[in-house]
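Note sheet for the following structure.
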Amino acid sequence: MEHSGRRDRFERLLRPHFDALYRTARRTVGNAALAEEVVQDACLKAYLGFERGAVIISFKAWIFRILINCCVDTLREHRRVELVPVDALPPTPVNADDTAAATDPERAFANTGLRTSIDTAIAALAPELRVVVLLVLVEGLSYGEAAESLQITVKKVKSRLHRARTYLRAALARSIDDSPAAGPHSMRDGEPVSAA
(Lines give C-alpha, C1' and ligand atoms only; values in the text may rest on other atoms or scores of the structure.)
Protein backbone atom coordinates (compact mmCIF):
# COMPACT_ATOMS: atom_id res chain seq x y z
CA MET A 1 0.00 0.00 0.00
CA GLU A 2 2.86 2.36 0.89
CA HIS A 3 4.52 1.53 -2.48
CA SER A 4 1.29 2.41 -4.34
CA GLY A 5 0.96 5.68 -2.41
CA ARG A 6 4.53 6.66 -3.22
CA ARG A 7 3.97 5.91 -6.92
CA ASP A 8 0.77 8.00 -6.93
CA ARG A 9 2.61 10.89 -5.25
CA PHE A 10 5.44 10.66 -7.80
CA GLU A 11 2.94 10.73 -10.68
CA ARG A 12 1.15 13.75 -9.20
CA LEU A 13 4.45 15.62 -8.90
CA LEU A 14 5.59 14.60 -12.39
CA ARG A 15 2.37 15.27 -14.33
CA PRO A 16 2.60 19.12 -14.44
CA HIS A 17 6.15 18.91 -15.87
CA PHE A 18 5.74 16.08 -18.38
CA ASP A 19 5.10 18.22 -21.48
CA ALA A 20 7.94 20.58 -20.56
CA LEU A 21 10.29 17.62 -20.15
CA TYR A 22 9.41 16.37 -23.63
CA ARG A 23 9.81 19.82 -25.21
CA THR A 24 13.20 20.27 -23.56
CA ALA A 25 14.38 16.81 -24.59
CA ARG A 26 13.08 17.31 -28.14
CA ARG A 27 14.92 20.57 -28.56
CA THR A 28 18.07 19.28 -26.85
CA VAL A 29 18.55 16.02 -28.76
CA GLY A 30 16.93 17.30 -31.97
CA ASN A 31 15.06 14.09 -32.71
CA ALA A 32 11.45 13.26 -31.75
CA ALA A 33 11.91 9.49 -31.31
CA LEU A 34 15.07 9.94 -29.24
CA ALA A 35 13.33 12.59 -27.13
CA GLU A 36 10.58 10.12 -26.21
CA GLU A 37 13.21 7.57 -25.17
CA VAL A 38 15.07 10.19 -23.15
CA VAL A 39 11.93 11.25 -21.28
CA GLN A 40 10.99 7.63 -20.53
CA ASP A 41 14.52 6.94 -19.29
CA ALA A 42 14.54 10.11 -17.16
CA CYS A 43 11.13 9.31 -15.65
CA LEU A 44 12.20 5.76 -14.81
CA LYS A 45 15.43 6.95 -13.19
CA ALA A 46 13.54 9.64 -11.29
CA TYR A 47 10.95 7.15 -10.07
CA LEU A 48 13.63 4.73 -8.86
CA GLY A 49 15.37 7.57 -7.03
CA PHE A 50 12.06 8.70 -5.57
CA GLU A 51 11.35 5.13 -4.41
CA ARG A 52 14.74 4.99 -2.70
CA GLY A 53 13.91 8.19 -0.83
CA ALA A 54 16.13 10.67 -2.68
CA VAL A 55 16.41 14.02 -0.91
CA ILE A 56 14.49 16.45 -3.12
CA ILE A 57 14.35 20.16 -2.36
CA SER A 58 12.70 21.21 -5.64
CA PHE A 59 11.03 18.43 -7.62
CA LYS A 60 11.08 20.56 -10.78
CA ALA A 61 14.82 21.23 -10.59
CA TRP A 62 15.50 17.61 -9.65
CA ILE A 63 13.51 16.07 -12.53
CA PHE A 64 15.08 18.47 -15.05
CA ARG A 65 18.58 17.62 -13.76
CA ILE A 66 17.85 13.93 -14.42
CA LEU A 67 16.44 14.78 -17.87
CA ILE A 68 19.49 16.89 -18.84
CA ASN A 69 21.84 14.10 -17.74
CA CYS A 70 19.85 11.63 -19.85
CA CYS A 71 20.00 14.03 -22.83
CA VAL A 72 23.78 14.32 -22.48
CA ASP A 73 24.15 10.52 -22.29
CA THR A 74 21.94 10.09 -25.36
CA LEU A 75 23.87 12.66 -27.38
CA ARG A 76 27.11 10.88 -26.50
CA GLU A 77 25.67 7.53 -27.61
CA HIS A 78 24.18 8.89 -30.85
CA ARG A 79 26.85 11.17 -32.20
CA ARG A 80 25.15 11.15 -35.58
CA VAL A 81 21.38 11.40 -35.40
CA GLU A 82 18.99 12.36 -38.15
CA LEU A 83 17.68 15.74 -37.09
CA VAL A 84 13.99 16.47 -37.46
CA PRO A 85 13.18 20.15 -38.15
CA VAL A 86 12.56 22.00 -34.91
CA ASP A 87 9.41 23.57 -36.35
CA ALA A 88 7.89 20.09 -36.45
CA LEU A 89 7.16 20.72 -32.77
CA PRO A 90 3.57 21.61 -31.93
CA PRO A 91 3.30 25.40 -32.11
CA THR A 92 3.28 27.29 -28.85
CA PRO A 93 1.74 30.75 -28.60
CA VAL A 94 4.17 33.66 -28.68
CA ASN A 95 1.81 35.62 -26.44
CA ALA A 96 -1.72 35.57 -25.10
CA ASP A 97 -3.02 37.59 -28.07
CA ASP A 98 -2.30 34.69 -30.43
CA THR A 99 -5.90 33.54 -30.15
CA ALA A 100 -6.71 36.41 -32.55
CA ALA A 101 -4.34 34.83 -35.08
CA ALA A 102 -6.76 31.94 -35.49
CA THR A 103 -9.15 34.25 -37.37
CA ASP A 104 -6.45 36.35 -39.06
CA PRO A 105 -4.46 34.26 -41.59
CA GLU A 106 -1.86 36.99 -42.20
CA ARG A 107 -1.16 37.33 -38.49
CA ALA A 108 -1.09 33.55 -38.06
CA PHE A 109 1.51 33.30 -40.85
CA ALA A 110 3.64 36.03 -39.25
CA ASN A 111 3.49 34.28 -35.85
CA THR A 112 4.41 30.94 -37.42
CA GLY A 113 7.36 32.60 -39.16
CA LEU A 114 8.49 34.18 -35.90
CA ARG A 115 8.23 30.88 -34.03
CA THR A 116 10.24 29.14 -36.74
CA SER A 117 12.92 31.85 -36.60
CA ILE A 118 13.10 31.60 -32.82
CA ASP A 119 13.28 27.80 -32.86
CA THR A 120 15.96 27.86 -35.57
CA ALA A 121 18.02 30.42 -33.62
CA ILE A 122 17.72 28.39 -30.40
CA ALA A 123 18.69 25.18 -32.23
CA ALA A 124 21.85 26.90 -33.54
CA LEU A 125 23.09 27.75 -30.04
CA ALA A 126 25.94 25.80 -28.49
CA PRO A 127 24.41 23.02 -26.34
CA GLU A 128 25.41 24.58 -23.00
CA LEU A 129 23.73 27.86 -24.01
CA ARG A 130 20.70 26.20 -25.59
CA VAL A 131 19.81 24.22 -22.49
CA VAL A 132 19.92 27.36 -20.30
CA VAL A 133 17.58 29.13 -22.73
CA LEU A 134 15.23 26.14 -22.77
CA LEU A 135 15.12 25.85 -18.99
CA VAL A 136 14.88 29.56 -18.07
CA LEU A 137 13.23 31.31 -21.02
CA VAL A 138 11.10 28.52 -22.48
CA GLU A 139 10.13 26.44 -19.44
CA GLY A 140 10.30 29.17 -16.81
CA LEU A 141 12.72 27.67 -14.29
CA SER A 142 14.23 30.20 -11.91
CA TYR A 143 17.98 30.85 -12.06
CA GLY A 144 18.35 28.73 -8.92
CA GLU A 145 16.33 25.83 -10.35
CA ALA A 146 18.27 25.96 -13.63
CA ALA A 147 21.57 26.05 -11.72
CA GLU A 148 20.51 23.02 -9.68
CA SER A 149 19.30 21.19 -12.79
CA LEU A 150 22.57 21.82 -14.62
CA GLN A 151 24.76 21.47 -11.52
CA ILE A 152 26.40 24.85 -12.12
CA THR A 153 26.35 28.15 -10.24
CA VAL A 154 23.62 30.78 -10.60
CA LYS A 155 26.35 33.16 -11.83
CA LYS A 156 27.19 30.74 -14.64
CA VAL A 157 23.49 30.40 -15.55
CA LYS A 158 23.22 34.20 -15.84
CA SER A 159 26.43 34.42 -17.86
CA ARG A 160 25.32 31.73 -20.32
CA LEU A 161 21.87 33.28 -20.60
CA HIS A 162 23.40 36.68 -21.36
CA ARG A 163 25.57 35.17 -24.13
CA ALA A 164 22.60 33.26 -25.53
CA ARG A 165 20.37 36.36 -25.54
CA THR A 166 23.07 38.37 -27.34
CA TYR A 167 23.29 35.70 -30.05
CA LEU A 168 19.50 35.28 -30.30
CA ARG A 169 18.91 39.04 -30.67
CA ALA A 170 21.43 39.20 -33.51
CA ALA A 171 20.08 36.04 -35.18
CA LEU A 172 16.46 37.25 -35.00
CA ALA A 173 17.42 40.70 -36.28
CA ARG A 174 19.12 39.05 -39.28
CA SER A 175 16.10 36.81 -39.81
CA ILE A 176 13.72 39.78 -39.80
CA ASP A 177 16.00 41.80 -42.09
CA ASP A 178 16.20 38.87 -44.53
CA SER A 179 12.47 38.09 -44.56
CA PRO A 180 10.55 39.04 -47.73
CA ALA A 181 7.85 40.63 -45.55
CA ALA A 182 10.40 43.11 -44.19
CA GLY A 183 10.40 45.10 -47.44
CA PRO A 184 12.85 47.98 -47.76
CA HIS A 185 12.61 48.74 -44.04
CA SER A 186 12.75 46.37 -41.09
CA MET A 187 12.52 46.73 -37.34
CA ARG A 188 15.46 46.28 -35.00
CA ASP A 189 15.16 47.10 -31.29
CA GLY A 190 11.92 48.93 -31.97
CA GLU A 191 13.46 51.35 -34.54
CA PRO A 192 13.02 51.14 -38.32
CA VAL A 193 16.30 50.24 -39.98
CA SER A 194 17.00 50.61 -43.68
CA ALA A 195 17.80 47.31 -45.36
CA ALA A 196 20.39 49.03 -47.58
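Residue numbering restarts at 1 for every chain of the C-alpha coordinates, chains are lettered A, B, ... in their displayed order, and ligands are numbered from 1 as they appear.
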
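Residues with any atom within 10 Å of range 3-20 of chain A, counting only C-alpha atoms and excluding same-chain neighbours fewer than 6 positions away, are Arg26, Val39, Cys43, Ala46, Tyr47, Leu48, Phe50, Glu51, Gly53, Phe59, Lys60, Ile63, Phe64, Leu134, Leu135, Val138, Glu139 and Gly140 of chain A.
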
task = Mind checking which residues fall within 10 Å of Gly144 in chain A, counting only C-alpha atoms, ignoring those fewer than 6 positions away in the same chain, and posting them as a list in words?
result = Ser58, Ala61, Val136, Leu150, Ile152, Thr153, Val154, Lys155 and Val157 of chain A

Save out the residues we just selected, N, CA and C atoms, as a PDB file, in the first residue's frame.
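Output saved as again_16.pdb:
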```pdb
ATOM      1  N   SER A  58      13.619  20.729  -4.609  1.00  0.00           N
ATOM      2  CA  SER A  58      12.700  21.215  -5.640  1.00  0.00           C
ATOM      3  C   SER A  58      12.505  20.087  -6.645  1.00  0.00           C
ATOM      4  N   ALA A  61      13.388  21.173 -10.305  1.00  0.00           N
ATOM      5  CA  ALA A  61      14.825  21.231 -10.592  1.00  0.00           C
ATOM      6  C   ALA A  61      15.421  19.832 -10.639  1.00  0.00           C
ATOM      7  N   VAL A 136      15.272  28.281 -18.687  1.00  0.00           N
ATOM      8  CA  VAL A 136      14.880  29.556 -18.074  1.00  0.00           C
ATOM      9  C   VAL A 136      13.839  30.300 -18.912  1.00  0.00           C
ATOM     10  N   LEU A 150      21.358  21.957 -13.812  1.00  0.00           N
ATOM     11  CA  LEU A 150      22.571  21.816 -14.622  1.00  0.00           C
ATOM     12  C   LEU A 150      23.817  21.586 -13.783  1.00  0.00           C
ATOM     13  N   ILE A 152      25.465  23.738 -11.976  1.00  0.00           N
ATOM     14  CA  ILE A 152      26.404  24.845 -12.124  1.00  0.00           C
ATOM     15  C   ILE A 152      25.951  25.965 -11.196  1.00  0.00           C
ATOM     16  N   THR A 153      26.718  27.048 -11.122  1.00  0.00           N
ATOM     17  CA  THR A 153      26.348  28.152 -10.241  1.00  0.00           C
ATOM     18  C   THR A 153      25.301  29.048 -10.906  1.00  0.00           C
ATOM     19  N   VAL A 154      24.589  29.808 -10.081  1.00  0.00           N
ATOM     20  CA  VAL A 154      23.623  30.783 -10.601  1.00  0.00           C
ATOM     21  C   VAL A 154      24.358  31.806 -11.471  1.00  0.00           C
ATOM     22  N   LYS A 155      25.552  32.191 -11.048  1.00  0.00           N
ATOM     23  CA  LYS A 155      26.349  33.157 -11.829  1.00  0.00           C
ATOM     24  C   LYS A 155      26.612  32.626 -13.234  1.00  0.00           C
ATOM     25  N   VAL A 157      24.777  30.401 -14.834  1.00  0.00           N
ATOM     26  CA  VAL A 157      23.491  30.399 -15.549  1.00  0.00           C
ATOM     27  C   VAL A 157      23.260  31.778 -16.160  1.00  0.00           C
TER      28      VAL A 157
END
```

ask   = Nearest to Lys45 in chain A among A:Ala33, A:Thr28, A:Leu161, A:Leu67, with distances taken over only C-alpha atoms: which residue is it?
value = A:Leu67
